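Novice: Contents of upload02.txt (compact mmCIF, C-alpha atoms) are below:
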```
# COMPACT_ATOMS: atom_id res chain seq x y z
CA MET A 1 -8.38 -2.53 -1.05
CA GLN A 2 -10.56 -2.31 -4.17
CA THR A 3 -11.12 -6.06 -4.34
CA ASP A 4 -12.87 -6.32 -0.96
CA GLY A 5 -16.31 -7.83 -1.29
CA THR A 6 -16.42 -7.59 -5.08
CA ARG A 7 -16.41 -10.35 -7.66
CA PHE A 8 -14.75 -8.10 -10.21
CA PRO A 9 -11.15 -7.50 -9.13
CA VAL A 10 -9.50 -4.22 -10.09
CA TRP A 11 -6.80 -5.97 -12.14
CA LEU A 12 -9.50 -7.31 -14.44
CA TRP A 13 -10.59 -3.76 -15.33
CA TYR A 14 -7.03 -3.00 -16.37
CA ALA A 15 -6.84 -6.22 -18.43
CA LEU A 16 -10.03 -5.21 -20.28
CA LEU A 17 -8.66 -1.69 -20.75
CA CYS A 18 -5.51 -3.23 -22.23
CA ILE A 19 -7.56 -5.37 -24.63
CA PHE A 20 -9.34 -2.19 -25.73
CA TRP A 21 -6.14 -0.17 -26.30
CA TRP A 22 -4.25 -3.00 -28.00
CA GLY A 23 -7.35 -3.84 -30.03
CA LEU A 24 -7.43 -0.23 -31.22
CA TRP A 25 -3.70 -0.48 -31.95
CA GLY A 26 -4.34 -3.60 -34.06
CA PHE A 27 -7.11 -1.77 -35.89
CA LEU A 28 -4.98 1.32 -36.63
CA SER A 29 -2.07 -0.93 -37.69
CA LYS A 30 -4.40 -2.61 -40.15
CA VAL A 31 -5.37 0.78 -41.59
CA GLY A 32 -1.76 2.05 -41.73
CA SER A 33 -0.20 -1.13 -43.10
CA GLU A 34 -2.07 -0.71 -46.38
CA ALA A 35 0.49 1.97 -47.29
CA ALA A 36 3.46 1.44 -44.94
CA SER A 37 5.87 -1.51 -44.53
CA PRO A 38 6.06 -3.34 -41.16
CA MET A 39 9.44 -1.69 -40.45
CA GLN A 40 8.04 1.77 -41.16
CA MET A 41 5.06 1.03 -38.92
CA GLN A 42 7.39 -0.14 -36.14
CA ILE A 43 9.35 3.16 -36.36
CA LEU A 44 6.09 5.12 -36.15
CA PHE A 45 4.87 2.99 -33.20
CA THR A 46 8.08 3.71 -31.29
CA LEU A 47 7.88 7.44 -31.98
CA GLY A 48 4.19 7.45 -31.05
CA MET A 49 4.93 5.83 -27.66
CA LEU A 50 7.28 8.67 -26.68
CA PRO A 51 4.57 11.25 -25.80
CA ILE A 52 2.87 8.64 -23.57
CA ALA A 53 6.12 7.88 -21.74
CA ILE A 54 6.88 11.61 -21.38
CA GLY A 55 3.32 12.21 -20.14
CA MET A 56 3.74 9.53 -17.47
CA LEU A 57 7.09 11.02 -16.43
CA LEU A 58 5.46 14.45 -16.01
CA GLN A 59 2.51 12.91 -14.15
CA MET A 60 4.97 11.31 -11.72
CA ARG A 61 6.76 14.69 -11.38
CA GLY A 62 10.01 12.95 -12.27
CA LYS A 63 9.71 10.54 -9.32
CA LEU A 64 10.70 7.62 -11.50
CA ASP A 65 11.34 4.31 -9.70
CA ARG A 66 15.02 3.57 -10.06
CA ASP A 67 15.23 0.03 -8.67
CA ARG A 68 18.08 -1.44 -10.70
CA ALA A 69 16.45 -4.85 -11.31
CA GLY A 70 13.15 -3.14 -12.18
CA ILE A 71 14.88 -0.92 -14.75
CA THR A 72 16.66 -3.95 -16.24
CA TYR A 73 13.40 -5.89 -16.60
CA GLY A 74 11.68 -2.85 -18.10
CA LEU A 75 14.40 -2.28 -20.68
CA LEU A 76 14.50 -6.01 -21.45
CA CYS A 77 10.71 -5.95 -22.00
CA GLY A 78 11.10 -3.25 -24.65
CA VAL A 79 14.07 -4.89 -26.36
CA ALA A 80 12.57 -8.41 -26.25
CA THR A 81 9.22 -7.23 -27.61
CA GLY A 82 10.92 -5.21 -30.36
CA LEU A 83 13.31 -7.99 -31.40
CA GLY A 84 10.47 -10.53 -31.25
CA THR A 85 8.50 -8.30 -33.60
CA LEU A 86 11.46 -8.19 -36.01
CA GLY A 87 11.50 -12.01 -35.91
CA TYR A 88 7.77 -12.00 -36.67
CA TYR A 89 8.32 -9.66 -39.66
CA ALA A 90 11.17 -11.88 -40.89
CA ALA A 91 8.79 -14.88 -40.79
CA LEU A 92 6.22 -12.83 -42.75
CA ARG A 93 8.73 -12.41 -45.57
CA GLU A 94 8.83 -16.22 -45.96
CA GLN A 95 5.25 -17.16 -45.18
CA ASN A 96 1.69 -15.76 -45.21
CA ALA A 97 0.40 -13.87 -42.17
CA SER A 98 -2.54 -16.29 -41.93
CA VAL A 99 -0.02 -19.05 -41.16
CA VAL A 100 2.58 -17.12 -39.12
CA THR A 101 0.27 -15.11 -36.83
CA PRO A 102 -1.67 -18.09 -35.37
CA VAL A 103 1.68 -19.74 -34.55
CA THR A 104 3.39 -16.71 -32.96
CA GLY A 105 0.12 -15.97 -31.11
CA LEU A 106 0.82 -19.03 -28.96
CA PHE A 107 3.56 -17.17 -27.04
CA PRO A 108 1.43 -16.98 -23.83
CA VAL A 109 2.01 -20.74 -23.43
CA LEU A 110 5.70 -20.03 -22.80
CA THR A 111 4.84 -17.26 -20.31
CA ILE A 112 2.53 -19.65 -18.43
CA VAL A 113 5.26 -22.32 -18.28
CA LEU A 114 7.88 -19.78 -17.12
CA ALA A 115 5.49 -18.30 -14.53
CA PHE A 116 4.81 -21.84 -13.27
CA VAL A 117 8.53 -22.60 -12.88
CA VAL A 118 10.00 -19.21 -11.90
CA LEU A 119 7.13 -17.48 -10.06
CA ARG A 120 5.45 -20.69 -8.80
CA GLU A 121 2.10 -19.47 -10.14
CA ARG A 122 -0.66 -22.06 -10.24
CA LEU A 123 -3.80 -21.88 -12.38
CA ASN A 124 -7.03 -23.48 -11.16
CA LYS A 125 -8.96 -25.93 -13.36
CA VAL A 126 -11.36 -23.29 -14.69
CA GLN A 127 -8.43 -21.07 -15.66
CA MET A 128 -6.66 -23.98 -17.40
CA GLY A 129 -9.82 -24.55 -19.45
CA GLY A 130 -9.99 -20.83 -20.14
CA MET A 131 -6.38 -20.83 -21.31
CA ILE A 132 -7.14 -23.57 -23.87
CA LEU A 133 -10.21 -21.69 -25.18
CA ALA A 134 -8.21 -18.44 -25.28
CA LEU A 135 -5.41 -20.10 -27.29
CA ALA A 136 -7.96 -21.59 -29.69
CA SER A 137 -9.55 -18.16 -30.18
CA ILE A 138 -6.15 -16.51 -30.75
CA VAL A 139 -5.42 -19.06 -33.50
CA ILE A 140 -8.87 -18.67 -35.10
CA LEU A 141 -8.94 -14.87 -34.98
CA SER A 142 -5.47 -14.58 -36.54
CA ILE A 143 -6.12 -16.92 -39.50
CA MET B 1 15.97 -19.54 -43.17
CA HIS B 2 12.70 -21.37 -42.60
CA TRP B 3 9.88 -19.13 -41.36
CA MET B 4 9.37 -21.41 -38.33
CA VAL B 5 12.81 -20.38 -37.04
CA TYR B 6 11.86 -16.70 -37.11
CA ALA B 7 8.44 -17.46 -35.64
CA GLY B 8 10.18 -19.46 -32.89
CA VAL B 9 12.39 -16.45 -32.09
CA ALA B 10 9.26 -14.29 -31.77
CA ILE B 11 7.53 -16.84 -29.50
CA VAL B 12 10.55 -17.17 -27.21
CA LEU B 13 11.15 -13.41 -26.91
CA TRP B 14 7.46 -12.53 -26.43
CA GLY B 15 6.98 -15.44 -24.00
CA VAL B 16 10.00 -14.46 -21.89
CA ASN B 17 8.79 -10.85 -22.07
CA GLY B 18 5.62 -11.89 -20.18
CA LEU B 19 7.80 -13.08 -17.30
CA PHE B 20 9.94 -9.92 -17.36
CA MET B 21 6.78 -7.80 -17.21
CA LYS B 22 5.70 -9.43 -13.95
CA LEU B 23 9.22 -9.38 -12.47
CA GLY B 24 9.47 -5.69 -13.39
CA THR B 25 6.12 -4.66 -11.88
CA ASN B 26 7.06 -6.53 -8.70
CA ARG B 27 9.80 -3.89 -8.30
CA VAL B 28 8.73 -0.64 -9.96
CA SER B 29 5.39 1.09 -10.62
CA ALA B 30 3.37 0.51 -13.80
CA ARG B 31 4.08 4.05 -15.03
CA SER B 32 7.81 3.61 -14.44
CA MET B 33 7.66 0.36 -16.41
CA VAL B 34 6.04 2.18 -19.35
CA ILE B 35 8.97 4.62 -19.38
CA TRP B 36 11.66 1.92 -19.21
CA VAL B 37 9.92 -0.24 -21.82
CA THR B 38 9.68 2.75 -24.16
CA ALA B 39 13.40 3.33 -23.60
CA GLY B 40 13.95 -0.32 -24.61
CA PHE B 41 12.04 0.29 -27.85
CA VAL B 42 14.02 3.47 -28.53
CA VAL B 43 17.27 1.45 -28.23
CA LEU B 44 16.09 -0.52 -31.29
CA LEU B 45 15.28 2.59 -33.36
CA PRO B 46 18.74 2.81 -35.03
CA VAL B 47 18.34 -0.81 -36.18
CA LEU B 48 14.95 0.03 -37.71
CA TRP B 49 16.18 3.26 -39.30
CA SER B 50 19.12 1.44 -40.91
CA GLY B 51 16.71 -0.80 -42.81
CA SER B 52 14.05 1.69 -43.89
CA THR B 53 13.04 5.33 -43.87
CA LEU B 54 9.71 7.09 -43.62
CA ALA B 55 10.25 8.68 -47.04
CA GLY B 56 7.28 8.38 -49.37
CA LEU B 57 4.66 7.93 -46.65
CA SER B 58 1.65 10.21 -46.74
CA ALA B 59 0.97 12.52 -43.78
CA ARG B 60 -2.20 10.53 -43.10
CA VAL B 61 -0.35 7.21 -42.78
CA ILE B 62 2.32 8.79 -40.56
CA PHE B 63 -0.43 10.22 -38.34
CA VAL B 64 -2.21 6.85 -38.09
CA GLY B 65 1.10 5.10 -37.24
CA LEU B 66 1.96 7.62 -34.51
CA ILE B 67 -1.51 7.38 -32.95
CA ALA B 68 -1.24 3.58 -33.10
CA GLY B 69 2.05 3.81 -31.18
CA ALA B 70 0.52 6.09 -28.55
CA VAL B 71 -2.43 3.74 -28.14
CA ASN B 72 -0.04 0.80 -27.85
CA GLY B 73 1.78 2.70 -25.08
CA LEU B 74 -1.53 3.14 -23.21
CA GLY B 75 -2.13 -0.61 -23.58
CA ASN B 76 1.32 -1.26 -22.11
CA TRP B 77 0.42 0.92 -19.14
CA ALA B 78 -2.86 -0.97 -18.66
CA VAL B 79 -1.23 -4.41 -18.67
CA PHE B 80 1.46 -3.23 -16.23
CA ALA B 81 -1.24 -1.76 -13.97
CA CYS B 82 -3.09 -5.09 -14.20
CA LEU B 83 0.04 -6.97 -13.05
CA GLU B 84 0.79 -4.34 -10.40
CA LYS B 85 -2.71 -4.80 -8.94
CA GLY B 86 -1.96 -8.46 -8.31
CA ALA B 87 -2.84 -10.34 -11.51
CA LYS B 88 -0.76 -13.44 -12.13
CA ALA B 89 1.45 -13.32 -15.23
CA SER B 90 -0.09 -16.64 -16.30
CA VAL B 91 -3.55 -15.00 -16.26
CA ALA B 92 -2.78 -11.44 -17.42
CA ILE B 93 -0.62 -12.41 -20.41
CA PRO B 94 -3.03 -14.87 -22.11
CA LEU B 95 -5.97 -12.61 -21.20
CA THR B 96 -4.48 -9.49 -22.81
CA ALA B 97 -3.33 -11.61 -25.77
CA LEU B 98 -7.06 -11.70 -26.60
CA TYR B 99 -6.77 -8.12 -27.93
CA PRO B 100 -7.55 -9.29 -31.53
CA LEU B 101 -11.11 -9.48 -30.19
CA GLY B 102 -11.03 -5.69 -29.82
CA THR B 103 -9.60 -5.34 -33.32
CA VAL B 104 -12.34 -7.51 -34.83
CA VAL B 105 -15.03 -5.48 -33.05
CA LEU B 106 -13.54 -2.17 -34.26
CA ALA B 107 -13.04 -3.47 -37.80
CA THR B 108 -16.68 -4.57 -37.83
CA ALA B 109 -17.84 -1.18 -36.59
CA PHE B 110 -15.64 1.11 -38.70
CA LEU B 111 -14.39 -0.82 -41.76
CA LYS B 112 -17.78 -2.41 -42.40
CA GLU B 113 -16.07 -5.81 -42.30
CA ARG B 114 -18.49 -8.55 -41.33
CA PRO B 115 -17.01 -11.38 -39.24
CA ALA B 116 -17.09 -14.71 -41.09
CA ALA B 117 -18.62 -17.79 -39.42
CA LEU B 118 -15.20 -18.96 -38.22
CA GLN B 119 -14.48 -15.52 -36.74
CA TRP B 120 -17.73 -15.65 -34.79
CA ILE B 121 -16.51 -18.92 -33.28
CA GLY B 122 -13.21 -17.21 -32.45
CA ILE B 123 -15.06 -14.31 -30.81
CA ALA B 124 -17.20 -16.69 -28.75
CA LEU B 125 -14.14 -18.70 -27.64
CA ALA B 126 -12.29 -15.49 -26.73
CA VAL B 127 -15.15 -14.25 -24.55
CA ALA B 128 -15.63 -17.64 -22.86
CA GLY B 129 -11.88 -18.22 -22.47
CA GLY B 130 -11.33 -14.72 -21.10
CA ALA B 131 -14.11 -15.11 -18.55
CA MET B 132 -12.75 -18.49 -17.41
CA LEU B 133 -9.16 -17.22 -17.23
CA SER B 134 -10.33 -14.38 -14.99
CA TYR B 135 -12.08 -16.76 -12.61
CA GLU B 136 -10.14 -16.48 -9.41
CA PRO B 137 -11.63 -16.98 -5.94
CA ALA B 138 -11.37 -13.54 -4.28
CA ALA B 139 -8.97 -14.61 -1.54
CA ALA B 140 -6.44 -16.03 -3.98
CA VAL B 141 -5.52 -12.66 -5.47
CA ALA B 142 -4.40 -10.02 -3.03
CA ALA B 143 -2.27 -7.05 -3.86
CA PRO B 144 0.73 -6.86 -1.50
CA GLU B 145 -0.59 -3.78 0.35
CA GLU B 146 -3.79 -5.64 1.29
CA GLN B 147 -2.16 -8.38 3.26
CA PRO B 148 -1.74 -6.56 6.61
CA HIS B 149 -5.53 -6.12 6.82
CA CYS B 150 -5.98 -9.87 6.85
CA VAL B 151 -4.46 -10.13 10.35
CA PRO B 152 -7.32 -10.51 12.87
```
The structure in this file should be written as structure tokens.
Specialist:
Amino acid sequence: MQTDGTRFPVWLWYALLCIFWWGLWGFLSKVGSEAASPMQMQILFTLGMLPIAIGMLLQMRGKLDRDRAGITYGLLCGVATGLGTLGYYAALREQNASVVTPVTGLFPVLTIVLAFVVLRERLNKVQMGGMILALASIVILSI
Amino acid sequence: MHWMVYAGVAIVLWGVNGLFMKLGTNRVSARSMVIWVTAGFVVLLPVLWSGSTLAGLSARVIFVGLIAGAVNGLGNWAVFACLEKGAKASVAIPLTALYPLGTVVLATAFLKERPAALQWIGIALAVAGGAMLSYEPAAAVAAPEEQPHCVP
């Protein structure tokens, strides 16, 4: 489809778009957290996501995929991310963000290991090198 | 409890989440995933409300928080679309975890914060690491609907 004959696969555009949106989220969080607690911000984030979800539902004209396993994974994604964030906030009560955030930022390592075992995904040598540089940058940028 | 315990909980849940994201988009569309994920967040709302209220926050802060949530939701859609279009979880998750790069760029542009020397190194590593992570010979990544065309 879109990837034919191009060096820039379509999934990469979406990854860059995600970095932009989440980067903006990080920026707005920074602005908001000067006056609001992490818990208050998390409540506002959840409420702010609702119009997006409703917009997508309208865009799909209610034709929501109802595959049972898909729904379960989707719900688990929300709950796991939310509970993980609460764990992160709990760590912040005991330790500085400049120590906690570089550590919790290493979570992609676990995803890579799980994807290797469960999904049998294999990274090439260039990608392995990229992963190490990416992890180093995550640590540095969150200090 | 020691902060490492809480940090460990976050790492495990976020790490497992990366796997769930791929398993989910293998079965339902990216937009459907956004809706179910949001539902998962809503399930946690009572827990959050029990610990704090929005009382005392200025209208400006509430507005910023809500917009941040909406923008986060758009980011969720983008990463699900990325996985749906055939990205490996082991590429998409570390790649999108580079979003602090976007935050640093925006903070530089709008908060007049100048990146320190160490941050410049972080930015350079993020760009190089991201480019290398995305290096995939074209044939290796094929969305499921493309495969029939490969038959001679």
Novice: Nearest to chain A among B:Ala55, B:Ala30, B:Arg60, B:Tyr99, with distances taken over all atoms listed in the file: which residue is it?
Specialist: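 Nearest to chain A: B:Tyr99.
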Novice: Pro108 in chain A: which residues within 8 Å, counting all atoms listed in the file, same-chain residues fewer than 3 positions away excluded, as a VMD selection string?
Specialist: (chain A and resid 105 111 to 112) or (chain B and resid 14 to 15 18 90 93 to 94 97)
Novice: Go through range 97-143 of chain A and flag each residue having an atom no more than 10 Å from range 134-137 of chain B; for those, report the closest pair of atoms plus their distance in Å to one decimal, using all atoms listed in the file, ordered by chain and rising number, as JSON lines.
Specialist:
```
{"residue": "A:Leu123", "atom": "CA", "partner": "B:Glu136", "partner_atom": "CA", "distance": 8.8}
{"residue": "A:Asn124", "atom": "CA", "partner": "B:Glu136", "partner_atom": "CA", "distance": 7.9}
{"residue": "A:Lys125", "atom": "CA", "partner": "B:Tyr135", "partner_atom": "CA", "distance": 9.7}
{"residue": "A:Val126", "atom": "CA", "partner": "B:Tyr135", "partner_atom": "CA", "distance": 6.9}
{"residue": "A:Gln127", "atom": "CA", "partner": "B:Tyr135", "partner_atom": "CA", "distance": 6.4}
{"residue": "A:Gly130", "atom": "CA", "partner": "B:Ser134", "partner_atom": "CA", "distance": 8.3}
{"residue": "A:Met131", "atom": "CA", "partner": "B:Ser134", "partner_atom": "CA", "distance": 9.9}
```
Novice: So which residues are close to (7.9, 3.6, -10.1), meaning at most 7 Å away in the file's coordinates with only C-alpha atoms counted, and can you show them as number ranges by chain?
Specialist: A: 64-65; B: 28-32
Novice: Convert the current residue selection to file output with C-alpha atoms, as a PDB file, in the coordinates of the input.
Specialist:
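This went into selection35.pdb:
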```pdb
ATOM      1  CA  LEU A  64      10.700   7.620 -11.500  1.00  0.00           C
ATOM      2  CA  ASP A  65      11.340   4.310  -9.700  1.00  0.00           C
TER       3      ASP A  65
ATOM      4  CA  VAL B  28       8.730  -0.640  -9.960  1.00  0.00           C
ATOM      5  CA  SER B  29       5.390   1.090 -10.620  1.00  0.00           C
ATOM      6  CA  ALA B  30       3.370   0.510 -13.800  1.00  0.00           C
ATOM      7  CA  ARG B  31       4.080   4.050 -15.030  1.00  0.00           C
ATOM      8  CA  SER B  32       7.810   3.610 -14.440  1.00  0.00           C
TER       9      SER B  32
END
```
Novice: Rounded to one decimal in Å, what is the spacing between CA of Trp77 in chain B and CA of Ser50 in chain B?
Specialist: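 About the pair CA of Trp77 in chain B and CA of Ser50 in chain B: they are 28.7 Å apart.
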Novice: Measure the distance from CA of Ala97 in chain A to CA of Thr103 in chain B in Å and round it to one decimal.
Specialist: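 Here the two named atoms are 15.8 Å from each other.
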Novice: With only C-alpha atoms as the basis for distance, which of B:Leu133, B:Gly8, B:Val104, B:Ala124 is at the shortest distance from chain A?
Specialist: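 Checking each of B:Leu133, B:Gly8, B:Val104, B:Ala124 against chain A, counting only C-alpha atoms, the winner is B:Leu133.
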Novice: Excluding Met4 in chain B and residues on its chain fewer than 4 positions from it, collect all residues at most 10 Å away from it, counting only C-alpha atoms, and give them as a list in words.
Specialist: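 Residues meeting the cut-off are Gly87, Tyr88, Ala91, Glu94, Gln95, Val100, Val103 and Thr104 of chain A; Gly8, Val9 and Ala10 of chain B.
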Novice: Looking at A:Ala36, A:Phe45, A:Leu16, A:Leu119, which one is nearest to chain B, with distances taken over all atoms listed in the file?
Specialist: A:Phe45
Novice: What is the CA of Ile132 in chain A-CA of Ser98 in chain A distance in Å, reported with one decimal?
Specialist: 20.0 Å
Novice: Kindly indicate which residue among B:Ala116, B:Ala109, B:Gly122, B:Ala92 lies nearest to Ala15 in chain A, using all atoms listed in the file for the distances.
Specialist: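 Among the listed residues, B:Ala92 lies closest to Ala15 in chain A.
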Novice: Of the candidates A:Gln59, A:Ser29, A:Gln42, A:Thr72, which one gets nearest to Ala39 in chain B if we count only C-alpha atoms?
Specialist: A:Thr72
Novice: Could you write out as JSON the box around range 15-18 of chain B (axis-aligned, all atoms listed in the file, 5 Å on each side), with centre and edge lengths in Å to one decimal?
Specialist:
```
{"center_x": 7.8, "center_y": -13.1, "center_z": -22.1, "size_x": 14.4, "size_y": 14.6, "size_z": 13.8}
```
Novice: So, counting all atoms listed in the file, which residue among B:Trp49, B:Asn26, B:Ala128, B:Leu54 is closest to Glu84 in chain B?
Specialist: B:Asn26
Novice: Residues near Gly48 in chain A, anyone? I mean within 7 Å using all atoms listed in the file, not counting same-chain ones fewer than 5 positions away, as a list in words.
Specialist: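 Once the nearby chain positions are removed, what remains is Leu66, Ile67, Ala68, Gly69 and Ala70 of chain B.
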